[in-house]
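One structure is given here, and the rest of the page talks about it.
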Amino acid sequence: VQLQASGGGLVQPGGSLRLSCAVSGSIFSVNALGWYRQAPGKQRVLVARIITSGGSADYADSVKGRFTISRDAAKNTVYLQMNSLKPEDTAVYYCWGRRTSYNYWGQGTLVTVSS
């Protein structure tokens, strides 16, 4: 399974971005997909994840109500819609997938929230 992330960039506080992660093959080849982020000097943490078959999702408390994760089976892609962005959302965002106990990682995409 290969994951290809895109969509990062520079945005002003309060703005929006949408990250995309293309999955090689079907999204159902993994059990779950999601996004982690790593800010400078900090550990990588879970932002949001979604179960590929059922579509249920969960979020880090820090992004609830602002971020939405979704998947498009026809496009084999998972998205992270990020609204009301804050400077503390600045980080490298990594696409993640899991099949049974194995984790897959895409390359990171940098999101910078700054005026």
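Ordering of the structure tokens sets the chain letters (A, B, ...); residue numbers start at 1 within each chain; ligands are numbered from 1 in the order shown.
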
So that each row is one residue of segment 30-110 of chain A with an atom at most 10 Å from segment 5-24 of chain A, can you give its shortest atom pair and the distance in Å to one decimal, using only C-alpha atoms, rows by chain and rising number, as JSON lines?
```
{"residue": "A:Val30", "atom": "CA", "partner": "A:Val23", "partner_atom": "CA", "distance": 9.4}
{"residue": "A:Leu33", "atom": "CA", "partner": "A:Cys21", "partner_atom": "CA", "distance": 9.2}
{"residue": "A:Gly34", "atom": "CA", "partner": "A:Cys21", "partner_atom": "CA", "distance": 8.9}
{"residue": "A:Trp35", "atom": "CA", "partner": "A:Cys21", "partner_atom": "CA", "distance": 9.0}
{"residue": "A:Arg66", "atom": "CA", "partner": "A:Ser16", "partner_atom": "CA", "distance": 9.5}
{"residue": "A:Phe67", "atom": "CA", "partner": "A:Arg18", "partner_atom": "CA", "distance": 9.4}
{"residue": "A:Thr68", "atom": "CA", "partner": "A:Arg18", "partner_atom": "CA", "distance": 9.4}
{"residue": "A:Ile69", "atom": "CA", "partner": "A:Leu19", "partner_atom": "CA", "distance": 9.4}
{"residue": "A:Ser70", "atom": "CA", "partner": "A:Ser20", "partner_atom": "CA", "distance": 9.7}
{"residue": "A:Arg71", "atom": "CA", "partner": "A:Cys21", "partner_atom": "CA", "distance": 9.3}
{"residue": "A:Asp72", "atom": "CA", "partner": "A:Ala22", "partner_atom": "CA", "distance": 9.8}
{"residue": "A:Ala73", "atom": "CA", "partner": "A:Val23", "partner_atom": "CA", "distance": 9.8}
{"residue": "A:Lys75", "atom": "CA", "partner": "A:Ala22", "partner_atom": "CA", "distance": 7.8}
{"residue": "A:Asn76", "atom": "CA", "partner": "A:Val23", "partner_atom": "CA", "distance": 5.5}
{"residue": "A:Thr77", "atom": "CA", "partner": "A:Ala22", "partner_atom": "CA", "distance": 4.5}
{"residue": "A:Val78", "atom": "CA", "partner": "A:Cys21", "partner_atom": "CA", "distance": 5.2}
{"residue": "A:Tyr79", "atom": "CA", "partner": "A:Ser20", "partner_atom": "CA", "distance": 4.6}
{"residue": "A:Leu80", "atom": "CA", "partner": "A:Leu19", "partner_atom": "CA", "distance": 5.0}
{"residue": "A:Gln81", "atom": "CA", "partner": "A:Arg18", "partner_atom": "CA", "distance": 4.4}
{"residue": "A:Met82", "atom": "CA", "partner": "A:Leu17", "partner_atom": "CA", "distance": 5.2}
{"residue": "A:Asn83", "atom": "CA", "partner": "A:Ser16", "partner_atom": "CA", "distance": 4.4}
{"residue": "A:Ser84", "atom": "CA", "partner": "A:Gly14", "partner_atom": "CA", "distance": 4.1}
{"residue": "A:Leu85", "atom": "CA", "partner": "A:Gly14", "partner_atom": "CA", "distance": 4.8}
{"residue": "A:Lys86", "atom": "CA", "partner": "A:Pro13", "partner_atom": "CA", "distance": 5.1}
{"residue": "A:Pro87", "atom": "CA", "partner": "A:Pro13", "partner_atom": "CA", "distance": 6.3}
{"residue": "A:Glu88", "atom": "CA", "partner": "A:Pro13", "partner_atom": "CA", "distance": 9.6}
{"residue": "A:Asp89", "atom": "CA", "partner": "A:Pro13", "partner_atom": "CA", "distance": 9.4}
{"residue": "A:Thr90", "atom": "CA", "partner": "A:Leu10", "partner_atom": "CA", "distance": 9.2}
{"residue": "A:Ala91", "atom": "CA", "partner": "A:Gly8", "partner_atom": "CA", "distance": 9.7}
{"residue": "A:Val92", "atom": "CA", "partner": "A:Gly8", "partner_atom": "CA", "distance": 8.5}
{"residue": "A:Tyr93", "atom": "CA", "partner": "A:Gly8", "partner_atom": "CA", "distance": 8.0}
{"residue": "A:Tyr94", "atom": "CA", "partner": "A:Ala5", "partner_atom": "CA", "distance": 7.2}
{"residue": "A:Cys95", "atom": "CA", "partner": "A:Ala5", "partner_atom": "CA", "distance": 6.1}
{"residue": "A:Trp96", "atom": "CA", "partner": "A:Cys21", "partner_atom": "CA", "distance": 8.8}
{"residue": "A:Gly97", "atom": "CA", "partner": "A:Val23", "partner_atom": "CA", "distance": 9.0}
{"residue": "A:Trp105", "atom": "CA", "partner": "A:Ala5", "partner_atom": "CA", "distance": 9.6}
{"residue": "A:Gly106", "atom": "CA", "partner": "A:Ala5", "partner_atom": "CA", "distance": 6.3}
{"residue": "A:Gln107", "atom": "CA", "partner": "A:Ala5", "partner_atom": "CA", "distance": 6.4}
{"residue": "A:Gly108", "atom": "CA", "partner": "A:Ala5", "partner_atom": "CA", "distance": 6.7}
{"residue": "A:Thr109", "atom": "CA", "partner": "A:Gly8", "partner_atom": "CA", "distance": 5.3}
{"residue": "A:Leu110", "atom": "CA", "partner": "A:Gly8", "partner_atom": "CA", "distance": 5.2}
```

Next item on the list: Enumerate, as a PyMOL selection string, the complete set of residues in chain A that a backbone-based DSSP assignment places in strand (DSSP E).
Entry: chain A and resi 3-6+9-11+17-23+32-38+45-51+57-59+67-72+77-82+91-99+102-113

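Distance check against Ile51 of chain A using only C-alpha atoms: of A:Ala39, A:Val1, A:Ala74, A:Ile27, the minimum falls on A:Ile27.
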
Notebook entry, point to check: Of the candidates A:Val113, A:Leu3, A:Ala57, A:Ala32, which one gets nearest to Thr100 of chain A if we count only C-alpha atoms?
Noted result: A:Ala32

Neighbours of Ala60 of chain A within 8 Å (only C-alpha atoms; same-chain residues fewer than 3 positions away dropped), as a tab-separated table (two decimals) with N, CA and C atoms, in the first residue's frame?
```tsv
chain	number	residue	atom	x	y	z
A	46	LEU	N	-2.00	11.86	16.41
A	46	LEU	CA	-3.16	11.59	15.57
A	46	LEU	C	-4.04	12.83	15.48
A	47	VAL	N	-4.47	13.16	14.27
A	47	VAL	CA	-5.40	14.26	14.05
A	47	VAL	C	-6.80	13.72	13.83
A	48	ALA	N	-6.93	12.79	12.91
A	48	ALA	CA	-8.24	12.23	12.58
A	48	ALA	C	-8.04	10.90	11.88
A	63	VAL	N	-8.97	19.47	17.29
A	63	VAL	CA	-9.49	19.79	15.95
A	63	VAL	C	-10.97	19.52	15.80
A	64	LYS	N	-11.61	18.99	16.82
A	64	LYS	CA	-13.04	18.69	16.73
A	64	LYS	C	-13.83	19.95	16.42
```

Check: Pick from A:Asn31, A:Val111, A:Tyr102, A:Gly25: nearest to Ser56 of chain A, with only C-alpha atoms counted?
Finding: A:Asn31

Filtered DSSP result for segment 38-115 of chain A, state helix (DSSP H, G or I), as a tab-separated table (two decimals) with C-alpha atoms, in the first residue's frame:
```tsv
chain	number	residue	atom	x	y	z
A	61	ASP	CA	-9.91	17.13	20.76
A	62	SER	CA	-7.87	20.03	19.40
A	63	VAL	CA	-9.49	19.79	15.95
A	87	PRO	CA	-1.21	28.98	14.11
A	88	GLU	CA	-0.97	25.95	16.40
A	89	ASP	CA	-2.17	23.79	13.52
```

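The nearest approach to Tyr59 of chain A among the residues A:Lys42, A:Ser114, A:Tyr36, A:Tyr104, with only C-alpha atoms taken into account, belongs to A:Tyr36.
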